[in-house]
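Dumped protein_32.txt below, it's compact mmCIF, N, CA and C atoms:
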```txt
# COMPACT_ATOMS: atom_id res chain seq x y z
N MET A 1 -6.76 -0.74 -22.88
CA MET A 1 -6.84 -0.24 -21.53
C MET A 1 -6.16 -1.21 -20.57
N LYS A 2 -5.35 -0.66 -19.68
CA LYS A 2 -4.59 -1.49 -18.75
C LYS A 2 -5.51 -2.17 -17.75
N LYS A 3 -5.21 -3.44 -17.44
CA LYS A 3 -5.99 -4.21 -16.47
C LYS A 3 -5.27 -4.18 -15.13
N TYR A 4 -6.02 -3.88 -14.07
CA TYR A 4 -5.48 -3.87 -12.72
C TYR A 4 -6.08 -5.03 -11.95
N ASN A 5 -5.29 -5.60 -11.05
CA ASN A 5 -5.76 -6.75 -10.28
C ASN A 5 -5.81 -6.49 -8.78
N PHE A 6 -5.41 -5.32 -8.33
CA PHE A 6 -5.46 -5.08 -6.88
C PHE A 6 -6.91 -4.93 -6.42
N TYR A 7 -7.16 -5.28 -5.15
CA TYR A 7 -8.51 -5.23 -4.61
C TYR A 7 -9.08 -3.81 -4.68
N GLY A 8 -10.30 -3.70 -5.18
CA GLY A 8 -10.98 -2.41 -5.26
C GLY A 8 -10.63 -1.58 -6.47
N ASN A 9 -9.86 -2.13 -7.38
CA ASN A 9 -9.40 -1.34 -8.54
C ASN A 9 -10.55 -0.81 -9.37
N GLU A 10 -11.66 -1.53 -9.41
CA GLU A 10 -12.78 -1.12 -10.26
C GLU A 10 -13.36 0.23 -9.84
N LYS A 11 -13.28 0.52 -8.54
CA LYS A 11 -13.86 1.76 -8.01
C LYS A 11 -12.80 2.68 -7.41
N ALA A 12 -11.55 2.40 -7.67
CA ALA A 12 -10.45 3.20 -7.10
C ALA A 12 -10.28 4.48 -7.91
N ASP A 13 -11.27 5.36 -7.79
CA ASP A 13 -11.26 6.59 -8.59
C ASP A 13 -11.21 7.86 -7.73
N VAL A 14 -10.88 7.70 -6.45
CA VAL A 14 -10.74 8.89 -5.61
C VAL A 14 -9.58 9.72 -6.13
N LEU A 15 -9.65 11.03 -5.92
CA LEU A 15 -8.60 11.91 -6.40
C LEU A 15 -7.66 12.34 -5.28
N ALA A 16 -6.42 12.58 -5.65
CA ALA A 16 -5.42 13.04 -4.70
C ALA A 16 -5.87 14.33 -4.04
N VAL A 17 -5.56 14.45 -2.75
CA VAL A 17 -5.87 15.68 -2.02
C VAL A 17 -4.63 16.57 -1.89
N THR A 18 -3.55 16.14 -2.52
CA THR A 18 -2.30 16.89 -2.50
C THR A 18 -1.73 16.95 -3.91
N ASN A 19 -0.97 17.98 -4.18
CA ASN A 19 -0.28 18.09 -5.47
C ASN A 19 1.20 17.74 -5.35
N GLU A 20 1.56 17.12 -4.25
CA GLU A 20 2.97 16.79 -4.00
C GLU A 20 3.56 15.87 -5.07
N TYR A 21 2.71 15.01 -5.64
CA TYR A 21 3.16 14.07 -6.67
C TYR A 21 2.30 14.31 -7.91
N PRO A 22 2.71 15.20 -8.79
CA PRO A 22 1.88 15.61 -9.94
C PRO A 22 1.41 14.46 -10.83
N SER A 23 2.19 13.39 -10.93
CA SER A 23 1.80 12.29 -11.81
C SER A 23 0.84 11.31 -11.13
N VAL A 24 0.58 11.53 -9.85
CA VAL A 24 -0.31 10.63 -9.10
C VAL A 24 -1.61 11.37 -8.79
N ARG A 25 -2.65 11.03 -9.54
CA ARG A 25 -3.97 11.65 -9.32
C ARG A 25 -4.97 10.65 -8.74
N THR A 26 -4.79 9.35 -9.03
CA THR A 26 -5.71 8.31 -8.57
C THR A 26 -4.89 7.15 -7.98
N PRO A 27 -5.55 6.24 -7.26
CA PRO A 27 -4.83 5.06 -6.76
C PRO A 27 -4.18 4.23 -7.88
N LYS A 28 -4.80 4.19 -9.05
CA LYS A 28 -4.18 3.46 -10.16
C LYS A 28 -2.87 4.13 -10.58
N ASP A 29 -2.84 5.46 -10.57
CA ASP A 29 -1.59 6.17 -10.88
C ASP A 29 -0.52 5.82 -9.85
N LEU A 30 -0.93 5.77 -8.59
CA LEU A 30 0.04 5.43 -7.53
C LEU A 30 0.54 4.01 -7.72
N TYR A 31 -0.35 3.09 -8.01
CA TYR A 31 0.04 1.70 -8.24
C TYR A 31 1.06 1.62 -9.38
N ASP A 32 0.77 2.29 -10.49
CA ASP A 32 1.69 2.28 -11.63
C ASP A 32 3.07 2.81 -11.24
N ALA A 33 3.09 3.88 -10.47
CA ALA A 33 4.37 4.46 -10.04
C ALA A 33 5.11 3.51 -9.10
N LEU A 34 4.37 2.91 -8.16
CA LEU A 34 5.02 2.03 -7.18
C LEU A 34 5.55 0.75 -7.80
N LEU A 35 4.94 0.30 -8.89
CA LEU A 35 5.48 -0.89 -9.58
C LEU A 35 6.93 -0.68 -9.98
N LYS A 36 7.31 0.56 -10.22
CA LYS A 36 8.70 0.87 -10.59
C LYS A 36 9.60 1.03 -9.36
N LEU A 37 8.97 1.18 -8.17
CA LEU A 37 9.74 1.51 -6.97
C LEU A 37 9.82 0.40 -5.94
N TRP A 38 8.80 -0.44 -5.85
CA TRP A 38 8.85 -1.53 -4.88
C TRP A 38 10.05 -2.41 -5.17
N SER A 39 10.72 -2.84 -4.12
CA SER A 39 11.92 -3.66 -4.27
C SER A 39 12.11 -4.51 -3.02
N ALA A 40 13.12 -5.34 -3.04
CA ALA A 40 13.45 -6.12 -1.85
C ALA A 40 13.81 -5.17 -0.70
N ASP A 41 14.42 -4.04 -1.01
CA ASP A 41 14.79 -3.09 0.04
C ASP A 41 13.57 -2.46 0.71
N SER A 42 12.47 -2.30 -0.03
CA SER A 42 11.27 -1.70 0.57
C SER A 42 10.36 -2.77 1.19
N CYS A 43 10.67 -4.03 0.96
CA CYS A 43 9.90 -5.15 1.51
C CYS A 43 10.17 -5.32 3.01
N ALA A 44 9.15 -5.76 3.75
CA ALA A 44 9.34 -6.06 5.17
C ALA A 44 10.48 -7.06 5.32
N PRO A 45 11.40 -6.81 6.24
CA PRO A 45 12.57 -7.68 6.38
C PRO A 45 12.24 -9.17 6.53
N ARG A 46 11.17 -9.49 7.26
CA ARG A 46 10.83 -10.91 7.49
C ARG A 46 10.40 -11.62 6.21
N MET A 47 10.08 -10.85 5.15
CA MET A 47 9.62 -11.44 3.88
C MET A 47 10.60 -11.22 2.75
N ARG A 48 11.66 -10.51 3.03
CA ARG A 48 12.58 -10.07 1.97
C ARG A 48 13.15 -11.21 1.14
N ASP A 49 13.41 -12.34 1.76
CA ASP A 49 13.99 -13.45 1.01
C ASP A 49 13.00 -14.07 0.02
N LYS A 50 11.70 -13.75 0.17
CA LYS A 50 10.68 -14.26 -0.76
C LYS A 50 10.25 -13.21 -1.79
N TRP A 51 10.74 -11.97 -1.64
CA TRP A 51 10.34 -10.91 -2.58
C TRP A 51 10.92 -11.19 -3.96
N SER A 52 10.14 -10.88 -5.00
CA SER A 52 10.64 -10.99 -6.37
C SER A 52 9.89 -9.99 -7.24
N SER A 53 10.43 -9.73 -8.41
CA SER A 53 9.75 -8.82 -9.34
C SER A 53 8.44 -9.43 -9.85
N GLU A 54 8.28 -10.75 -9.71
CA GLU A 54 7.02 -11.40 -10.09
C GLU A 54 5.94 -11.17 -9.03
N ASN A 55 6.35 -10.85 -7.80
CA ASN A 55 5.42 -10.57 -6.71
C ASN A 55 5.88 -9.29 -6.00
N PRO A 56 5.82 -8.16 -6.70
CA PRO A 56 6.42 -6.92 -6.18
C PRO A 56 5.68 -6.32 -4.98
N THR A 57 4.42 -6.71 -4.76
CA THR A 57 3.67 -6.13 -3.65
C THR A 57 3.94 -6.83 -2.32
N LEU A 58 4.65 -7.96 -2.36
CA LEU A 58 4.94 -8.72 -1.15
C LEU A 58 5.67 -7.85 -0.12
N GLY A 59 5.12 -7.80 1.09
CA GLY A 59 5.78 -7.11 2.18
C GLY A 59 5.78 -5.59 2.09
N GLN A 60 4.90 -5.04 1.27
CA GLN A 60 4.89 -3.59 1.04
C GLN A 60 3.65 -2.91 1.65
N CYS A 61 2.78 -3.64 2.33
CA CYS A 61 1.44 -3.13 2.62
C CYS A 61 1.40 -1.88 3.50
N SER A 62 2.03 -1.90 4.65
CA SER A 62 1.85 -0.75 5.55
C SER A 62 2.48 0.52 4.99
N ILE A 63 3.68 0.41 4.45
CA ILE A 63 4.31 1.63 3.94
C ILE A 63 3.54 2.17 2.74
N THR A 64 2.96 1.26 1.94
CA THR A 64 2.16 1.68 0.78
C THR A 64 0.85 2.30 1.24
N ALA A 65 0.18 1.69 2.20
CA ALA A 65 -1.11 2.20 2.67
C ALA A 65 -0.97 3.57 3.31
N PHE A 66 0.09 3.79 4.09
CA PHE A 66 0.27 5.10 4.71
C PHE A 66 0.68 6.16 3.69
N LEU A 67 1.43 5.76 2.67
CA LEU A 67 1.75 6.68 1.59
C LEU A 67 0.48 7.04 0.81
N ALA A 68 -0.36 6.05 0.55
CA ALA A 68 -1.64 6.32 -0.12
C ALA A 68 -2.50 7.25 0.73
N GLN A 69 -2.47 7.07 2.04
CA GLN A 69 -3.23 7.95 2.93
C GLN A 69 -2.72 9.39 2.83
N ASP A 70 -1.42 9.56 2.72
CA ASP A 70 -0.84 10.90 2.55
C ASP A 70 -1.41 11.57 1.30
N ILE A 71 -1.59 10.79 0.26
CA ILE A 71 -1.98 11.32 -1.04
C ILE A 71 -3.49 11.47 -1.20
N PHE A 72 -4.26 10.50 -0.68
CA PHE A 72 -5.70 10.49 -0.92
C PHE A 72 -6.54 10.76 0.32
N GLY A 73 -5.89 10.85 1.49
CA GLY A 73 -6.64 11.02 2.73
C GLY A 73 -7.24 9.69 3.16
N GLY A 74 -8.32 9.76 3.92
CA GLY A 74 -8.98 8.54 4.37
C GLY A 74 -8.28 7.89 5.55
N LYS A 75 -8.57 6.62 5.72
CA LYS A 75 -8.04 5.85 6.85
C LYS A 75 -7.37 4.58 6.35
N VAL A 76 -6.49 4.06 7.20
CA VAL A 76 -5.82 2.79 6.94
C VAL A 76 -6.40 1.77 7.93
N TYR A 77 -6.78 0.61 7.39
CA TYR A 77 -7.30 -0.47 8.22
C TYR A 77 -6.41 -1.69 8.06
N GLY A 78 -6.53 -2.64 8.98
CA GLY A 78 -5.68 -3.82 8.93
C GLY A 78 -6.45 -5.11 9.10
N ILE A 79 -6.10 -6.09 8.30
CA ILE A 79 -6.67 -7.44 8.37
C ILE A 79 -5.68 -8.28 9.17
N LEU A 80 -6.13 -8.81 10.31
CA LEU A 80 -5.25 -9.64 11.13
C LEU A 80 -4.90 -10.92 10.39
N ARG A 81 -3.62 -11.18 10.28
CA ARG A 81 -3.13 -12.35 9.57
C ARG A 81 -2.77 -13.46 10.57
N PRO A 82 -2.67 -14.70 10.11
CA PRO A 82 -2.37 -15.82 11.02
C PRO A 82 -1.08 -15.64 11.82
N ASP A 83 -0.12 -14.89 11.28
CA ASP A 83 1.15 -14.70 11.99
C ASP A 83 1.08 -13.58 13.03
N GLY A 84 -0.11 -12.97 13.21
CA GLY A 84 -0.27 -11.92 14.21
C GLY A 84 -0.02 -10.52 13.70
N ASN A 85 0.42 -10.39 12.46
CA ASN A 85 0.63 -9.07 11.86
C ASN A 85 -0.64 -8.64 11.14
N TYR A 86 -0.71 -7.34 10.84
CA TYR A 86 -1.85 -6.80 10.12
C TYR A 86 -1.47 -6.49 8.67
N HIS A 87 -2.37 -6.85 7.76
CA HIS A 87 -2.22 -6.46 6.36
C HIS A 87 -3.02 -5.18 6.18
N CYS A 88 -2.36 -4.11 5.76
CA CYS A 88 -2.97 -2.78 5.68
C CYS A 88 -3.55 -2.48 4.30
N TYR A 89 -4.65 -1.73 4.32
CA TYR A 89 -5.31 -1.28 3.10
C TYR A 89 -5.98 0.06 3.38
N ASN A 90 -6.53 0.69 2.35
CA ASN A 90 -7.07 2.05 2.46
C ASN A 90 -8.57 2.12 2.28
N VAL A 91 -9.18 3.06 3.00
CA VAL A 91 -10.59 3.40 2.83
C VAL A 91 -10.68 4.91 2.77
N VAL A 92 -11.19 5.41 1.65
CA VAL A 92 -11.39 6.85 1.45
C VAL A 92 -12.86 7.03 1.11
N GLY A 93 -13.63 7.55 2.05
CA GLY A 93 -15.07 7.64 1.85
C GLY A 93 -15.64 6.25 1.69
N SER A 94 -16.33 5.99 0.59
CA SER A 94 -16.89 4.66 0.33
C SER A 94 -15.96 3.81 -0.56
N CYS A 95 -14.80 4.35 -0.89
CA CYS A 95 -13.85 3.65 -1.74
C CYS A 95 -12.86 2.83 -0.89
N VAL A 96 -12.85 1.53 -1.09
CA VAL A 96 -11.94 0.62 -0.40
C VAL A 96 -10.97 0.08 -1.44
N PHE A 97 -9.68 0.25 -1.20
CA PHE A 97 -8.70 -0.30 -2.13
C PHE A 97 -7.47 -0.79 -1.40
N ASP A 98 -6.84 -1.79 -1.98
CA ASP A 98 -5.67 -2.44 -1.40
C ASP A 98 -4.64 -2.61 -2.49
N LEU A 99 -3.72 -1.67 -2.59
CA LEU A 99 -2.73 -1.69 -3.66
C LEU A 99 -1.78 -2.87 -3.59
N THR A 100 -1.71 -3.54 -2.44
CA THR A 100 -0.77 -4.67 -2.30
C THR A 100 -1.47 -6.02 -2.13
N SER A 101 -2.73 -6.10 -2.49
CA SER A 101 -3.49 -7.35 -2.31
C SER A 101 -2.99 -8.50 -3.18
N GLU A 102 -2.36 -8.20 -4.28
CA GLU A 102 -1.93 -9.25 -5.20
C GLU A 102 -0.93 -10.22 -4.58
N GLN A 103 -0.25 -9.80 -3.51
CA GLN A 103 0.72 -10.69 -2.88
C GLN A 103 0.08 -11.96 -2.33
N PHE A 104 -1.26 -11.94 -2.14
CA PHE A 104 -1.95 -13.09 -1.58
C PHE A 104 -2.51 -14.03 -2.64
N GLY A 105 -2.24 -13.75 -3.89
CA GLY A 105 -2.71 -14.63 -4.96
C GLY A 105 -4.23 -14.75 -4.96
N ASP A 106 -4.73 -15.97 -4.93
CA ASP A 106 -6.17 -16.23 -4.99
C ASP A 106 -6.85 -16.18 -3.63
N GLU A 107 -6.09 -15.99 -2.56
CA GLU A 107 -6.71 -15.93 -1.23
C GLU A 107 -7.67 -14.74 -1.15
N LYS A 108 -8.84 -14.96 -0.61
CA LYS A 108 -9.84 -13.90 -0.46
C LYS A 108 -9.71 -13.30 0.94
N LEU A 109 -9.44 -12.02 1.00
CA LEU A 109 -9.32 -11.32 2.28
C LEU A 109 -10.65 -10.65 2.61
N CYS A 110 -10.92 -10.47 3.89
CA CYS A 110 -12.14 -9.80 4.33
C CYS A 110 -11.83 -8.33 4.62
N TYR A 111 -12.47 -7.45 3.88
CA TYR A 111 -12.23 -6.02 4.02
C TYR A 111 -13.33 -5.32 4.83
N GLU A 112 -13.96 -6.04 5.72
CA GLU A 112 -15.02 -5.46 6.55
C GLU A 112 -14.71 -5.67 8.03
N ASN A 113 -15.09 -4.68 8.84
CA ASN A 113 -14.98 -4.76 10.31
C ASN A 113 -13.57 -5.02 10.80
N ASN A 114 -12.60 -4.38 10.18
CA ASN A 114 -11.20 -4.50 10.61
C ASN A 114 -10.81 -3.26 11.39
N PRO A 115 -9.83 -3.40 12.28
CA PRO A 115 -9.43 -2.25 13.09
C PRO A 115 -8.62 -1.22 12.30
N GLU A 116 -8.81 0.04 12.67
CA GLU A 116 -8.02 1.11 12.07
C GLU A 116 -6.57 0.96 12.50
N GLN A 117 -5.67 1.30 11.59
CA GLN A 117 -4.24 1.22 11.86
C GLN A 117 -3.68 2.64 11.91
N PHE A 118 -2.67 2.83 12.75
CA PHE A 118 -2.10 4.16 12.95
C PHE A 118 -0.61 4.15 12.69
N ARG A 119 -0.17 5.17 11.97
CA ARG A 119 1.24 5.23 11.60
C ARG A 119 2.14 5.31 12.83
N GLU A 120 1.66 5.94 13.89
CA GLU A 120 2.49 6.04 15.10
C GLU A 120 2.84 4.66 15.64
N VAL A 121 1.91 3.73 15.53
CA VAL A 121 2.16 2.36 15.99
C VAL A 121 3.08 1.64 15.01
N HIS A 122 2.75 1.70 13.73
CA HIS A 122 3.56 1.01 12.73
C HIS A 122 4.97 1.58 12.65
N PHE A 123 5.06 2.91 12.70
CA PHE A 123 6.37 3.53 12.53
C PHE A 123 7.18 3.60 13.82
N ALA A 124 6.64 3.01 14.89
CA ALA A 124 7.45 2.84 16.09
C ALA A 124 8.61 1.89 15.78
N LYS A 125 8.39 1.05 14.75
CA LYS A 125 9.49 0.20 14.24
C LYS A 125 10.29 1.07 13.28
N GLU A 126 11.50 1.42 13.68
CA GLU A 126 12.30 2.34 12.88
C GLU A 126 12.53 1.85 11.46
N GLU A 127 12.77 0.55 11.30
CA GLU A 127 13.02 0.04 9.95
C GLU A 127 11.82 0.28 9.04
N LYS A 128 10.60 0.18 9.59
CA LYS A 128 9.40 0.40 8.79
C LYS A 128 9.27 1.87 8.43
N ARG A 129 9.52 2.74 9.39
CA ARG A 129 9.46 4.19 9.12
C ARG A 129 10.48 4.57 8.06
N LEU A 130 11.66 4.01 8.13
CA LEU A 130 12.71 4.32 7.15
C LEU A 130 12.33 3.80 5.76
N ARG A 131 11.71 2.62 5.68
CA ARG A 131 11.27 2.10 4.38
C ARG A 131 10.20 3.01 3.79
N TYR A 132 9.27 3.48 4.62
CA TYR A 132 8.22 4.41 4.18
C TYR A 132 8.84 5.71 3.67
N GLU A 133 9.77 6.27 4.43
CA GLU A 133 10.40 7.54 4.04
C GLU A 133 11.16 7.39 2.72
N LYS A 134 11.83 6.27 2.53
CA LYS A 134 12.57 6.02 1.30
C LYS A 134 11.62 5.89 0.11
N LEU A 135 10.51 5.14 0.30
CA LEU A 135 9.54 5.00 -0.78
C LEU A 135 8.94 6.35 -1.14
N LYS A 136 8.64 7.16 -0.15
CA LYS A 136 8.09 8.49 -0.36
C LYS A 136 9.10 9.37 -1.13
N GLU A 137 10.36 9.27 -0.74
CA GLU A 137 11.41 10.03 -1.43
C GLU A 137 11.53 9.62 -2.89
N LEU A 138 11.53 8.30 -3.13
CA LEU A 138 11.63 7.80 -4.51
C LEU A 138 10.43 8.24 -5.35
N LEU A 139 9.25 8.22 -4.76
CA LEU A 139 8.05 8.64 -5.48
C LEU A 139 8.15 10.11 -5.88
N GLY A 140 8.76 10.90 -5.03
CA GLY A 140 8.92 12.33 -5.31
C GLY A 140 9.86 12.61 -6.47
N LYS A 141 10.64 11.61 -6.88
CA LYS A 141 11.60 11.80 -7.96
C LYS A 141 11.08 11.39 -9.33
N ILE A 142 9.85 10.84 -9.37
CA ILE A 142 9.32 10.43 -10.69
C ILE A 142 8.14 11.30 -11.11
```
How does this structure look as structure tokens?
Amino acid sequence: MKKYNFYGNEKADVLAVTNEYPSVRTPKDLYDALLKLWSADSCAPRMRDKWSSENPTLGQCSITAFLAQDIFGGKVYGILRPDGNYHCYNVVGSCVFDLTSEQFGDEKLCYENNPEQFREVHFAKEEKRLRYEKLKELLGKI
């Protein structure tokens, strides 16, 4: 059985609310698919020079969280980081999962009492919206 290391993987068993991506039924399915799709091009520009296949989740949080929201519903929340940016993750009912948590290594993040994040705010940055749309397009092809 495959071992997952993203935050909340043990209980990430919510089911997709859409059939748009037939191979994606659970967050683990989405994670498996995104491992093939995350790249330096989908990484946040400010982190792109540090992106590698050894750390594929680096700089992918908001576009991944909003894509997961499209598939599983729920809400996206953000953990305020020291640089003033928010690290995004998903909450669907009582299920909390963060498909891109591995980028922080052993650092423990707090997944409680964080503000909700909205795509309208995040996607006001055109480059971020375009990265999300490209990731969504690529997911539709597998």
Considering only C-alpha atoms, state which residue in the set A:Tyr4, A:Trp51, A:Tyr111, A:Tyr21 is at the smallest distance from Ala68 (chain A).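 Among the listed residues, the smallest separation from Ala68 (chain A) belongs to A:Tyr21.
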With DSSP run on the backbone, what are the helix (DSSP H, G or I) residues within chain A? I'd like them as an MDAnalysis selection string. chainID A and resid 9:11 27:35 45:50 61:72 101:104 119:122 126:140
Mind dumping the selected residues with N, CA and C atoms as a compact mmCIF listing (two decimals), in the coordinates of the input?
```
# COMPACT_ATOMS: atom_id res chain seq x y z
N ASN A 9 -9.86 -2.13 -7.38
CA ASN A 9 -9.40 -1.34 -8.54
C ASN A 9 -10.55 -0.81 -9.37
N GLU A 10 -11.66 -1.53 -9.41
CA GLU A 10 -12.78 -1.12 -10.26
C GLU A 10 -13.36 0.23 -9.84
N LYS A 11 -13.28 0.52 -8.54
CA LYS A 11 -13.86 1.76 -8.01
C LYS A 11 -12.80 2.68 -7.41
N PRO A 27 -5.55 6.24 -7.26
CA PRO A 27 -4.83 5.06 -6.76
C PRO A 27 -4.18 4.23 -7.88
N LYS A 28 -4.80 4.19 -9.05
CA LYS A 28 -4.18 3.46 -10.16
C LYS A 28 -2.87 4.13 -10.58
N ASP A 29 -2.84 5.46 -10.57
CA ASP A 29 -1.59 6.17 -10.88
C ASP A 29 -0.52 5.82 -9.85
N LEU A 30 -0.93 5.77 -8.59
CA LEU A 30 0.04 5.43 -7.53
C LEU A 30 0.54 4.01 -7.72
N TYR A 31 -0.35 3.09 -8.01
CA TYR A 31 0.04 1.70 -8.24
C TYR A 31 1.06 1.62 -9.38
N ASP A 32 0.77 2.29 -10.49
CA ASP A 32 1.69 2.28 -11.63
C ASP A 32 3.07 2.81 -11.24
N ALA A 33 3.09 3.88 -10.47
CA ALA A 33 4.37 4.46 -10.04
C ALA A 33 5.11 3.51 -9.10
N LEU A 34 4.37 2.91 -8.16
CA LEU A 34 5.02 2.03 -7.18
C LEU A 34 5.55 0.75 -7.80
N LEU A 35 4.94 0.30 -8.89
CA LEU A 35 5.48 -0.89 -9.58
C LEU A 35 6.93 -0.68 -9.98
N PRO A 45 11.40 -6.81 6.24
CA PRO A 45 12.57 -7.68 6.38
C PRO A 45 12.24 -9.17 6.53
N ARG A 46 11.17 -9.49 7.26
CA ARG A 46 10.83 -10.91 7.49
C ARG A 46 10.40 -11.62 6.21
N MET A 47 10.08 -10.85 5.15
CA MET A 47 9.62 -11.44 3.88
C MET A 47 10.60 -11.22 2.75
N ARG A 48 11.66 -10.51 3.03
CA ARG A 48 12.58 -10.07 1.97
C ARG A 48 13.15 -11.21 1.14
N ASP A 49 13.41 -12.34 1.76
CA ASP A 49 13.99 -13.45 1.01
C ASP A 49 13.00 -14.07 0.02
N LYS A 50 11.70 -13.75 0.17
CA LYS A 50 10.68 -14.26 -0.76
C LYS A 50 10.25 -13.21 -1.79
N CYS A 61 2.78 -3.64 2.33
CA CYS A 61 1.44 -3.13 2.62
C CYS A 61 1.40 -1.88 3.50
N SER A 62 2.03 -1.90 4.65
CA SER A 62 1.85 -0.75 5.55
C SER A 62 2.48 0.52 4.99
N ILE A 63 3.68 0.41 4.45
CA ILE A 63 4.31 1.63 3.94
C ILE A 63 3.54 2.17 2.74
N THR A 64 2.96 1.26 1.94
CA THR A 64 2.16 1.68 0.78
C THR A 64 0.85 2.30 1.24
N ALA A 65 0.18 1.69 2.20
CA ALA A 65 -1.11 2.20 2.67
C ALA A 65 -0.97 3.57 3.31
N PHE A 66 0.09 3.79 4.09
CA PHE A 66 0.27 5.10 4.71
C PHE A 66 0.68 6.16 3.69
N LEU A 67 1.43 5.76 2.67
CA LEU A 67 1.75 6.68 1.59
C LEU A 67 0.48 7.04 0.81
N ALA A 68 -0.36 6.05 0.55
CA ALA A 68 -1.64 6.32 -0.12
C ALA A 68 -2.50 7.25 0.73
N GLN A 69 -2.47 7.07 2.04
CA GLN A 69 -3.23 7.95 2.93
C GLN A 69 -2.72 9.39 2.83
N ASP A 70 -1.42 9.56 2.72
CA ASP A 70 -0.84 10.90 2.55
C ASP A 70 -1.41 11.57 1.30
N ILE A 71 -1.59 10.79 0.26
CA ILE A 71 -1.98 11.32 -1.04
C ILE A 71 -3.49 11.47 -1.20
N PHE A 72 -4.26 10.50 -0.68
CA PHE A 72 -5.70 10.49 -0.92
C PHE A 72 -6.54 10.76 0.32
N SER A 101 -2.73 -6.10 -2.49
CA SER A 101 -3.49 -7.35 -2.31
C SER A 101 -2.99 -8.50 -3.18
N GLU A 102 -2.36 -8.20 -4.28
CA GLU A 102 -1.93 -9.25 -5.20
C GLU A 102 -0.93 -10.22 -4.58
N GLN A 103 -0.25 -9.80 -3.51
CA GLN A 103 0.72 -10.69 -2.88
C GLN A 103 0.08 -11.96 -2.33
N PHE A 104 -1.26 -11.94 -2.14
CA PHE A 104 -1.95 -13.09 -1.58
C PHE A 104 -2.51 -14.03 -2.64
N ARG A 119 -0.17 5.17 11.97
CA ARG A 119 1.24 5.23 11.60
C ARG A 119 2.14 5.31 12.83
N GLU A 120 1.66 5.94 13.89
CA GLU A 120 2.49 6.04 15.10
C GLU A 120 2.84 4.66 15.64
N VAL A 121 1.91 3.73 15.53
CA VAL A 121 2.16 2.36 15.99
C VAL A 121 3.08 1.64 15.01
N HIS A 122 2.75 1.70 13.73
CA HIS A 122 3.56 1.01 12.73
C HIS A 122 4.97 1.58 12.65
N GLU A 126 11.50 1.42 13.68
CA GLU A 126 12.30 2.34 12.88
C GLU A 126 12.53 1.85 11.46
N GLU A 127 12.77 0.55 11.30
CA GLU A 127 13.02 0.04 9.95
C GLU A 127 11.82 0.28 9.04
N LYS A 128 10.60 0.18 9.59
CA LYS A 128 9.40 0.40 8.79
C LYS A 128 9.27 1.87 8.43
N ARG A 129 9.52 2.74 9.39
CA ARG A 129 9.46 4.19 9.12
C ARG A 129 10.48 4.57 8.06
N LEU A 130 11.66 4.01 8.13
CA LEU A 130 12.71 4.32 7.15
C LEU A 130 12.33 3.80 5.76
N ARG A 131 11.71 2.62 5.68
CA ARG A 131 11.27 2.10 4.38
C ARG A 131 10.20 3.01 3.79
N TYR A 132 9.27 3.48 4.62
CA TYR A 132 8.22 4.41 4.18
C TYR A 132 8.84 5.71 3.67
N GLU A 133 9.77 6.27 4.43
CA GLU A 133 10.40 7.54 4.04
C GLU A 133 11.16 7.39 2.72
N LYS A 134 11.83 6.27 2.53
CA LYS A 134 12.57 6.02 1.30
C LYS A 134 11.62 5.89 0.11
N LEU A 135 10.51 5.14 0.30
CA LEU A 135 9.54 5.00 -0.78
C LEU A 135 8.94 6.35 -1.14
N LYS A 136 8.64 7.16 -0.15
CA LYS A 136 8.09 8.49 -0.36
C LYS A 136 9.10 9.37 -1.13
N GLU A 137 10.36 9.27 -0.74
CA GLU A 137 11.41 10.03 -1.43
C GLU A 137 11.53 9.62 -2.89
N LEU A 138 11.53 8.30 -3.13
CA LEU A 138 11.63 7.80 -4.51
C LEU A 138 10.43 8.24 -5.35
N LEU A 139 9.25 8.22 -4.76
CA LEU A 139 8.05 8.64 -5.48
C LEU A 139 8.15 10.11 -5.88
N GLY A 140 8.76 10.90 -5.03
CA GLY A 140 8.92 12.33 -5.31
C GLY A 140 9.86 12.61 -6.47
```
Of the candidates A:Asp49, A:Glu120, A:Glu54, A:Asp98, which one gets nearest to Gly8 (chain A) if we count all atoms listed in the file?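 Closest to Gly8 (chain A) of all the choices is A:Asp98.
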Quick check, in Å to one decimal: how far apart do CA of Asn113 (chain A) and CA of Pro27 (chain A) lie?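 Atom-to-atom, CA of Asn113 (chain A) to CA of Pro27 (chain A), that is 22.2 Å.
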Quote the spacing between atom C of Arg48 (chain A) and atom C of Lys3 (chain A) in Å to one decimal place.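 Here the two named atoms are 25.6 Å from each other.
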Using all atoms listed in the file for the distances, tell me which of A:Gly93, A:Gly105, A:Gly59, A:Gly74 is nearest to Ser42 (chain A). A:Gly59
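Atom to atom, atom N of Ala12 (chain A) and atom N of Ala124 (chain A) stand 29.0 Å apart.
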Selection near Tyr89 (chain A), 6.5 Å with only N, CA and C atoms, sequence-local residues under 4 positions removed, as a tab-separated table (two decimals) with N, CA and C atoms, in the coordinates of the input:
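Contents of result13.tsv, freshly written:
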```tsv
chain	number	residue	atom	x	y	z
A	61	CYS	N	2.78	-3.64	2.33
A	61	CYS	CA	1.44	-3.13	2.62
A	61	CYS	C	1.40	-1.88	3.50
A	65	ALA	N	0.18	1.69	2.20
A	65	ALA	CA	-1.11	2.20	2.67
A	65	ALA	C	-0.97	3.57	3.31
A	75	LYS	N	-8.57	6.62	5.72
A	75	LYS	CA	-8.04	5.85	6.85
A	75	LYS	C	-7.37	4.58	6.35
A	76	VAL	N	-6.49	4.06	7.20
A	76	VAL	CA	-5.82	2.79	6.94
A	76	VAL	C	-6.40	1.77	7.93
A	77	TYR	N	-6.78	0.61	7.39
A	77	TYR	CA	-7.30	-0.47	8.22
A	77	TYR	C	-6.41	-1.69	8.06
A	78	GLY	N	-6.53	-2.64	8.98
A	78	GLY	CA	-5.68	-3.82	8.93
A	78	GLY	C	-6.45	-5.11	9.10
A	79	ILE	N	-6.10	-6.09	8.30
A	79	ILE	CA	-6.67	-7.44	8.37
A	79	ILE	C	-5.68	-8.28	9.17
A	97	PHE	N	-9.68	0.25	-1.20
A	97	PHE	CA	-8.70	-0.30	-2.13
A	97	PHE	C	-7.47	-0.79	-1.40
A	98	ASP	N	-6.84	-1.79	-1.98
A	98	ASP	CA	-5.67	-2.44	-1.40
A	98	ASP	C	-4.64	-2.61	-2.49
A	99	LEU	N	-3.72	-1.67	-2.59
A	99	LEU	CA	-2.73	-1.69	-3.66
A	99	LEU	C	-1.78	-2.87	-3.59
```
